[in-house]
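See below for the structure under consideration.
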Amino acid sequence: MTQPTANSESSDITFNHTTPSLNSFAPRLLDWFAENGRHDLPWQQHQTDTPNPYVVWLSEVMLQQTQVTTVLPYFARFMDTFPTVQDLAAADWDLVAEHWAGLGYYARARNLHKGAKQLVEIIDETRGFPQTLSGWEAISGVGPSTAGAIMAMGLHRYGVICDGNVKRVLTRWAAIDGDITKSATTKELWALAERLTPVDDSRLFAQAMMDMGATLCTRSKPACLLCPLKDDCLAHAEGRETDYPVKAKKQPKPSKFSDALLIESLDHDMLWLQRPDNGIWGGLWSLPLQFVEKVTGKITGKSQNTANDTPLDVRSNEKVYETEFTTAEQIINEWLTENKLVAESISSTLLDDDPIKHSLTHFHWYLTPRKLTVDAAQMNELSEKLAAAEITFKWLTEQKAQDSLGLPRAMEKLIER
C-alpha cells in the first residue's frame, strides 16, 4: 500500500508520530472499516465498479454541516425527482428550492443548482464528468475536501479529504494543538491527511475516515476502547480526547428582531415574497418581514434588550433601512405607511403572539407574527406596486404555500403555530 509524497507546500511540516505509526494508520483503519464501517448508505460508491460521481457530489453537498439522519430523506427525494445531473440542471429553481426547504444553509442549494448546469456543459463538451481535482474545484460550491471526496469515492481515483470529521480524528491522534480555524493548522492537517491517505485505496480510506469521525471519534464521549488507532493516539494517551480539536471560543451570537407580516386577503390568501438570490434564504419564499431595531441602554433604571422592547423607527436610519429591508419589503412598508395600515397581533393570547426563535450561523432571529387583512382593492393596489418593481410574489393560502413553495423552516414554524 503506497503513500503519496508530501507536496512542496507541506514539506516543512513535522509530524508528531514515528514513520511506523504513520505507515500503519491506513491498514488499521481499513481493517476496522471492513468489519465495522457503514456500507449501506444510499450514496456510497466504494463497493461498485462503476461509480457515479453525481451521487457522491450531491450527498457531499447535503452532508456539509448536516447529519446523515437528517440528509437521508432529502437525498432520497432528490434522487427520485432528479435522478441525473441533467434532470437537476433542467429543473426550475422553485422545484429545487422546494426539495431543499428545511435542510438549511440554503446557499448550498443555489450552488448545487448552478453546479449542475456547469457540469452539464462540461459533459456536453467532454462526454463525461470532470476527471481532475481542479476540474471539480471549479464547480460552484465545491471546495478542496468535497472535490477530494468526489475524486476518491465518485471516480475511484486518488483523492484526499479533510472535513470536520477528519480534522477531529487527526487532531486527537496527532495531538495537534493549533486552532483549527487558523490557516497554519489547516495546512498542518492537510499535510497529515495527504501523508496518511493511501494511493491505491483512497476511496475506502475516505469513507473509513468519515465513519471513524461519525461513529467512534465523536465530539463528545468518543468510543476509544473500540478505536483501531487508540494504541498510538496521543490525545487518548493523555486522557485529553475532548480537548481536541482546539478552536477559539465563540463569541455569543447577537440577536435580531423582525415582525413577520401575514398580509391576508378576504379569501385567506397570504402574500409571499421570493427572497433575493443573495443573502439569507436566497431564492426561497418568505412572508414580508419588518426589521425591528431594539432600544438599548437604561430607561427608568432598567436595561431594555428583550423581545418586548419598544421599537425605533428604522426609516430614520437610511443605511439600516436599506440593509435590513429587501426592495419588496421597502415597497410594502411604504405602502402600509401611506395607507395608515398597521399589522396587529394575530391573537389575544400571549402564546400566539410570542416570537419564534430561529438560530442561524451568525445570529439568533426572533420573528413575531403580525396580521393584516386587506380587501380586494388594497390587494390589487399592493400587487400592482410589487409587479411594477418586478418583484416575484404570490398570494396563496398557508396550505398551498407549504405544498408548492420552498419555505425556510422559520416560515413553517410561523404558520404551523
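Chain labels A, B, ... are given in the sequence in which chains occur in the C-alpha cells; within each chain residues are numbered consecutively from 1, and ligands are likewise numbered from 1 in the order shown.
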For this session: Find the spatial neighbours of His156 of chain A, counting only C-alpha atoms, within a cut-off of 10 Å - ignore same-chain residues fewer than 4 positions away - and output them as a count of residues only.
Result: 17
Residue contacts of Gly178 of chain A (12 Å, only C-alpha atoms) excluding same-chain residues fewer than 2 positions away, as a PDB file with N, CA and C atoms, in the first residue's frame:
ATOM      1  N   LYS A 167     -10.785  16.177  10.554  1.00  0.00           N
ATOM      2  CA  LYS A 167      -9.993  17.067  11.409  1.00  0.00           C
ATOM      3  C   LYS A 167     -10.070  16.647  12.876  1.00  0.00           C
ATOM      4  N   LEU A 170      -7.829  13.494  13.288  1.00  0.00           N
ATOM      5  CA  LEU A 170      -6.402  13.779  13.160  1.00  0.00           C
ATOM      6  C   LEU A 170      -5.866  14.636  14.304  1.00  0.00           C
ATOM      7  N   THR A 171      -6.638  15.642  14.730  1.00  0.00           N
ATOM      8  CA  THR A 171      -6.143  16.479  15.826  1.00  0.00           C
ATOM      9  C   THR A 171      -5.992  15.670  17.107  1.00  0.00           C
ATOM     10  N   ARG A 172      -6.859  14.688  17.322  1.00  0.00           N
ATOM     11  CA  ARG A 172      -6.743  13.851  18.510  1.00  0.00           C
ATOM     12  C   ARG A 172      -5.589  12.861  18.369  1.00  0.00           C
ATOM     13  N   ALA A 174      -2.916  12.956  16.548  1.00  0.00           N
ATOM     14  CA  ALA A 174      -1.598  13.586  16.493  1.00  0.00           C
ATOM     15  C   ALA A 174      -1.424  14.687  17.538  1.00  0.00           C
ATOM     16  N   ALA A 175      -2.443  14.909  18.386  1.00  0.00           N
ATOM     17  CA  ALA A 175      -2.382  15.960  19.416  1.00  0.00           C
ATOM     18  C   ALA A 175      -1.965  17.296  18.806  1.00  0.00           C
ATOM     19  N   ILE A 176      -2.699  17.716  17.783  1.00  0.00           N
ATOM     20  CA  ILE A 176      -2.421  18.984  17.114  1.00  0.00           C
ATOM     21  C   ILE A 176      -3.106  20.098  17.901  1.00  0.00           C
ATOM     22  N   ILE A 180      -8.010  25.170  14.899  1.00  0.00           N
ATOM     23  CA  ILE A 180      -8.351  24.638  13.570  1.00  0.00           C
ATOM     24  C   ILE A 180      -8.975  25.694  12.659  1.00  0.00           C
ATOM     25  N   THR A 181      -9.290  26.857  13.206  1.00  0.00           N
ATOM     26  CA  THR A 181      -9.802  27.930  12.347  1.00  0.00           C
ATOM     27  C   THR A 181      -8.665  28.735  11.718  1.00  0.00           C
ATOM     28  N   LYS A 182      -7.418  28.460  12.111  1.00  0.00           N
ATOM     29  CA  LYS A 182      -6.275  29.206  11.602  1.00  0.00           C
ATOM     30  C   LYS A 182      -5.659  28.499  10.400  1.00  0.00           C
ATOM     31  N   SER A 183      -5.131  29.281   9.470  1.00  0.00           N
ATOM     32  CA  SER A 183      -4.586  28.718   8.229  1.00  0.00           C
ATOM     33  C   SER A 183      -3.382  27.817   8.481  1.00  0.00           C
ATOM     34  N   ALA A 184      -2.567  28.129   9.487  1.00  0.00           N
ATOM     35  CA  ALA A 184      -1.392  27.299   9.770  1.00  0.00           C
ATOM     36  C   ALA A 184      -1.810  25.902  10.204  1.00  0.00           C
ATOM     37  N   THR A 185      -2.867  25.813  11.008  1.00  0.00           N
ATOM     38  CA  THR A 185      -3.358  24.500  11.446  1.00  0.00           C
ATOM     39  C   THR A 185      -4.005  23.757  10.285  1.00  0.00           C
ATOM     40  N   THR A 186      -4.715  24.482   9.459  1.00  0.00           N
ATOM     41  CA  THR A 186      -5.318  23.865   8.272  1.00  0.00           C
ATOM     42  C   THR A 186      -4.241  23.252   7.386  1.00  0.00           C
ATOM     43  N   LYS A 187      -3.156  23.967   7.190  1.00  0.00           N
ATOM     44  CA  LYS A 187      -2.044  23.466   6.382  1.00  0.00           C
ATOM     45  C   LYS A 187      -1.470  22.197   7.004  1.00  0.00           C
ATOM     46  N   GLU A 188      -1.317  22.190   8.321  1.00  0.00           N
ATOM     47  CA  GLU A 188      -0.772  21.029   9.016  1.00  0.00           C
ATOM     48  C   GLU A 188      -1.693  19.823   8.883  1.00  0.00           C
ATOM     49  N   LEU A 189      -2.984  20.040   9.018  1.00  0.00           N
ATOM     50  CA  LEU A 189      -3.950  18.949   8.920  1.00  0.00           C
ATOM     51  C   LEU A 189      -4.005  18.369   7.506  1.00  0.00           C
ATOM     52  N   ASP A 243     -10.408  17.516  24.487  1.00  0.00           N
ATOM     53  CA  ASP A 243      -9.740  18.820  24.368  1.00  0.00           C
ATOM     54  C   ASP A 243      -9.460  19.168  22.910  1.00  0.00           C
ATOM     55  N   TYR A 244      -9.647  18.173  22.030  1.00  0.00           N
ATOM     56  CA  TYR A 244      -9.380  18.372  20.601  1.00  0.00           C
ATOM     57  C   TYR A 244     -10.666  18.184  19.805  1.00  0.00           C
ATOM     58  N   PRO A 245     -10.803  18.877  18.687  1.00  0.00           N
ATOM     59  CA  PRO A 245      -9.882  19.877  18.149  1.00  0.00           C
ATOM     60  C   PRO A 245      -9.944  21.182  18.920  1.00  0.00           C
ATOM     61  N   VAL A 246      -8.832  21.905  18.898  1.00  0.00           N
ATOM     62  CA  VAL A 246      -8.754  23.201  19.567  1.00  0.00           C
ATOM     63  C   VAL A 246      -9.388  24.253  18.663  1.00  0.00           C
ATOM     64  N   LYS A 247     -10.274  25.025  19.243  1.00  0.00           N
ATOM     65  CA  LYS A 247     -10.963  26.047  18.464  1.00  0.00           C
ATOM     66  C   LYS A 247     -11.221  27.248  19.355  1.00  0.00           C
ATOM     67  N   ALA A 248     -10.960  28.416  18.818  1.00  0.00           N
ATOM     68  CA  ALA A 248     -11.161  29.637  19.597  1.00  0.00           C
ATOM     69  C   ALA A 248     -12.598  29.704  20.093  1.00  0.00           C
TER      70      ALA A 248
END
For this session: Determine which residues of segment 211-291 of chain A DSSP labels as alpha helix (DSSP H) from the backbone of this structure, then write them out as a list in words.
Result: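 Answer for segment 211-291 of chain A restricted to alpha helix (DSSP H) is Asp211, Leu234, Ala235, His236 and Ala237 of chain A.
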Exercise. Can you tell me, as an MDAnalysis selection string, what residues are no more than 10 Å from Ile280 of chain A when counting only C-alpha atoms, ignoring any on the same chain fewer than 3 positions away?
Worked result: chainID A and resid 105:107 275:277 283:284 360 408
Near segment 12-28 of chain A, within 8 Å and counting only C-alpha atoms, which residues show up once chain neighbours fewer than 6 positions away are dropped, as a PDB file with N, CA and C atoms, in the first residue's frame?
ATOM      1  N   ALA A 174      -2.916  12.956  16.548  1.00  0.00           N
ATOM      2  CA  ALA A 174      -1.598  13.586  16.493  1.00  0.00           C
ATOM      3  C   ALA A 174      -1.424  14.687  17.538  1.00  0.00           C
ATOM      4  N   ALA A 175      -2.443  14.909  18.386  1.00  0.00           N
ATOM      5  CA  ALA A 175      -2.382  15.960  19.416  1.00  0.00           C
ATOM      6  C   ALA A 175      -1.965  17.296  18.806  1.00  0.00           C
ATOM      7  N   GLU A 188      -1.317  22.190   8.321  1.00  0.00           N
ATOM      8  CA  GLU A 188      -0.772  21.029   9.016  1.00  0.00           C
ATOM      9  C   GLU A 188      -1.693  19.823   8.883  1.00  0.00           C
ATOM     10  N   ALA A 191      -1.573  18.423   5.352  1.00  0.00           N
ATOM     11  CA  ALA A 191      -0.319  17.695   5.130  1.00  0.00           C
ATOM     12  C   ALA A 191      -0.389  16.306   5.741  1.00  0.00           C
ATOM     13  N   LEU A 192      -0.961  16.212   6.947  1.00  0.00           N
ATOM     14  CA  LEU A 192      -1.083  14.909   7.609  1.00  0.00           C
ATOM     15  C   LEU A 192      -2.076  14.025   6.858  1.00  0.00           C
ATOM     16  N   ARG A 195      -0.385  12.661   3.865  1.00  0.00           N
ATOM     17  CA  ARG A 195       0.623  11.649   4.249  1.00  0.00           C
ATOM     18  C   ARG A 195      -0.021  10.310   4.576  1.00  0.00           C
ATOM     19  N   LEU A 196      -1.218  10.340   5.144  1.00  0.00           N
ATOM     20  CA  LEU A 196      -1.867   9.110   5.600  1.00  0.00           C
ATOM     21  C   LEU A 196      -2.713   8.430   4.528  1.00  0.00           C
ATOM     22  N   THR A 197      -3.162   9.176   3.526  1.00  0.00           N
ATOM     23  CA  THR A 197      -4.087   8.614   2.534  1.00  0.00           C
ATOM     24  C   THR A 197      -3.355   7.701   1.554  1.00  0.00           C
ATOM     25  N   PRO A 198      -3.740   6.432   1.475  1.00  0.00           N
ATOM     26  CA  PRO A 198      -3.081   5.512   0.530  1.00  0.00           C
ATOM     27  C   PRO A 198      -3.519   5.787  -0.907  1.00  0.00           C
ATOM     28  N   PHE A 205     -10.478   4.548   2.102  1.00  0.00           N
ATOM     29  CA  PHE A 205      -9.918   5.330   3.199  1.00  0.00           C
ATOM     30  C   PHE A 205     -10.787   6.549   3.484  1.00  0.00           C
ATOM     31  N   PRO A 228      -9.479   1.529  16.414  1.00  0.00           N
ATOM     32  CA  PRO A 228      -8.295   0.813  15.933  1.00  0.00           C
ATOM     33  C   PRO A 228      -7.012   1.652  16.025  1.00  0.00           C
ATOM     34  N   LEU A 229      -7.150   2.931  16.366  1.00  0.00           N
ATOM     35  CA  LEU A 229      -5.995   3.831  16.424  1.00  0.00           C
ATOM     36  C   LEU A 229      -5.621   4.202  17.854  1.00  0.00           C
ATOM     37  N   ASP A 232      -1.764   4.382  19.584  1.00  0.00           N
ATOM     38  CA  ASP A 232      -0.820   5.483  19.415  1.00  0.00           C
ATOM     39  C   ASP A 232      -1.525   6.825  19.249  1.00  0.00           C
TER      40      ASP A 232
END
Exercise. Using only C-alpha atoms, which residue out of A:Gln207, A:Ser59, A:Gln378, A:Thr327 lies closest to Phe33 of chain A?
Worked result: A:Gln207
Exercise. Can you tell me how far atom CA of Arg110 of chain A sits from atom CA of Gly282 of chain A, in Å to one decimal?
Worked result: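 Pair atom CA of Arg110 of chain A / atom CA of Gly282 of chain A returns 7.7 Å.
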Would you give me, as a tab-separated table, each residue of segment 102-200 of chain A having an atom within 12 Å of an atom of segment 95-98 of chain A, along with its shortest atom pair and that distance in Å to one decimal, using only C-alpha atoms and sorting by chain and residue number?
residue	atom	partner	partner_atom	distance
A:Gly102	CA	A:Glu98	CA	8.9
A:Leu103	CA	A:Ala97	CA	10.0
A:Gly104	CA	A:Ala97	CA	10.8
A:Tyr105	CA	A:Ala97	CA	11.7
A:Tyr106	CA	A:Ala97	CA	8.4
A:Ala107	CA	A:Ala97	CA	10.5
A:Arg108	CA	A:Ala97	CA	10.5
A:Ala109	CA	A:Ala97	CA	7.0
A:Arg110	CA	A:Ala97	CA	8.3
A:Asn111	CA	A:Val96	CA	11.2
A:Leu112	CA	A:Val96	CA	9.3
A:His113	CA	A:Val96	CA	7.5
A:Lys114	CA	A:Val96	CA	11.0
A:Ala116	CA	A:Val96	CA	11.4
Could you turn the residues from that selection into a file that holds C-alpha atoms, as a PDB file, in the first residue's frame?
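After the write, out21.pdb holds the following:
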ATOM      1  CA  GLY A 102     -35.862  22.658   5.754  1.00  0.00           C
ATOM      2  CA  LEU A 103     -32.349  21.355   5.159  1.00  0.00           C
ATOM      3  CA  GLY A 104     -30.775  24.726   5.988  1.00  0.00           C
ATOM      4  CA  TYR A 105     -27.680  26.550   4.728  1.00  0.00           C
ATOM      5  CA  TYR A 106     -29.605  27.429   1.590  1.00  0.00           C
ATOM      6  CA  ALA A 107     -26.622  28.779  -0.336  1.00  0.00           C
ATOM      7  CA  ARG A 108     -25.716  25.125  -0.814  1.00  0.00           C
ATOM      8  CA  ALA A 109     -28.887  24.592  -2.844  1.00  0.00           C
ATOM      9  CA  ARG A 110     -28.169  27.603  -5.044  1.00  0.00           C
ATOM     10  CA  ASN A 111     -24.639  26.368  -5.672  1.00  0.00           C
ATOM     11  CA  LEU A 112     -25.926  22.847  -6.310  1.00  0.00           C
ATOM     12  CA  HIS A 113     -28.325  24.050  -8.990  1.00  0.00           C
ATOM     13  CA  LYS A 114     -25.673  26.294 -10.544  1.00  0.00           C
ATOM     14  CA  ALA A 116     -25.452  21.088 -12.126  1.00  0.00           C
TER      15      ALA A 116
END
Exercise. Of the residues A:Leu414, A:Ala376, A:Gly115, A:Leu396, which is the one nearest to Asp354 of chain A, using only C-alpha atoms?
Worked result: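 Residue with the minimum atom-to-atom distance to Asp354 of chain A: A:Leu414.
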Exercise. Within 9 Å of Gly213 of chain A, counting only C-alpha atoms, which residues qualify if same-chain residues fewer than 5 places away don't, as a PyMOL selection string?
Worked result: chain A and resi 164-169+208+218-219
Exercise. When DSSP works through the backbone of this structure, what residues of segment 142-343 of chain A end up as strand (DSSP E), shown as a count of residues only?
Worked result: 30
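Minimum distance to Gln86 of chain A across A:Ala101, A:Val68, A:Met411, A:Ile122 (counting only C-alpha atoms) occurs at A:Ile122.
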